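Participant: There's a structure below that I have some questions on.
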Amino acid sequence: MRGSLQTRNTTDERTPGAGAPVSSPAHLDRLARTVPTVVIGRHSRSSRFDSVTDDDIAGAALVVEHLVELGHRRIAHIEHHETDRVRLAEMPNAQRAHGYREAMTAHGLEAEMDIVSTTYTQDGGYLGAKQLLDRPRRPTAIFAGADVVALGALEAIAEAGLSVPGDISVAGYDNSALAAFGPISLTSVDQDGRQMGANAARLLIDRIGQRDRRTAQVKLSPTLVVRRTTAAI
């Protein structure tokens, strides 16, 4: 019997971060009734399918903690705009924004919180950074909710004649291949995708062998990879 690792869209909607499926919980449950299913990246709980996620709240806190240690206080965040109640509870983009708010509050920086809602795309990062750069007091650091968003932010900052990290530090999320590319060298959160995949494969094999076993939710701890886009203020 085949199984299903749900990591991409199962509708025509765009995926807001981390490749998590945006289908409704009801659709995923229906799928899992007929096909052994493991959902990756989405903070869902179900009696029918297993899930593997990154601790996105902790990952956002790693970024804020790093920037605070470098002396930054005006730390802004570019999030993926979301209004759906279920997605706000389950999708990684919403978890990262929540983690940013919690971490800023924990450091006594509530008054410095600044969130721009765009999209998890390069264009979204560009437009979000443009808004932040137009502030009367622009941020000294930007936490982009995904690496592709950070790329757009870097473009907007360069276009404004500013330098990274000299004028503004930038951090992303996903530790993508582009983040590690030498000329970019983006500080980013690593979700340990290899371990996520290994756990998902193990859960799927177990689910194929025992369809009626209790579902499992695995949450992995992220790490921060510090590169050249962040520096002391």
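In the structure tokens, each chain is lettered A, B, ... as it comes, each chain's residues begin at 1, and ligands are numbered from 1 in order of appearance.
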Would you please give, as a list in words, all residues of stretch 153-198 of chain A that DSSP assigns to strand (DSSP E or B) based on the backbone?
Facilitator: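 DSSP-assigned strand (DSSP E or B) residues in stretch 153-198 of chain A: Ser169, Val170, Ala171, Gly172, Tyr173, Thr187, Ser188, Val189 and Asp190 of chain A.
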Participant: What's the 9 Å shell around stretch 209-226 of chain A, counting only C-alpha atoms, without same-chain residues fewer than 4 positions away, as number ranges by chain?
Facilitator: A: 1, 36, 43-56, 58-59, 62-63, 66, 171, 173, 175, 185-192, 195-196, 199-200, 203-205, 230
Participant: Using atom CA of A:Arg101 and atom CA of A:Leu162 as the two end points, give the distance in Å to one decimal.
Facilitator: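 Atom-to-atom, atom CA of A:Arg101 and atom CA of A:Leu162 are spaced 26.3 Å apart.
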Participant: Write down as a ChimeraX atom specification the residues of stretch 20-233 of chain A whose backbone DSSP state falls under helix (DSSP H, G or I).
Facilitator: /A:25-34,56-69,85-90,92-106,110-112,122-133,147-159,177-180,193-209
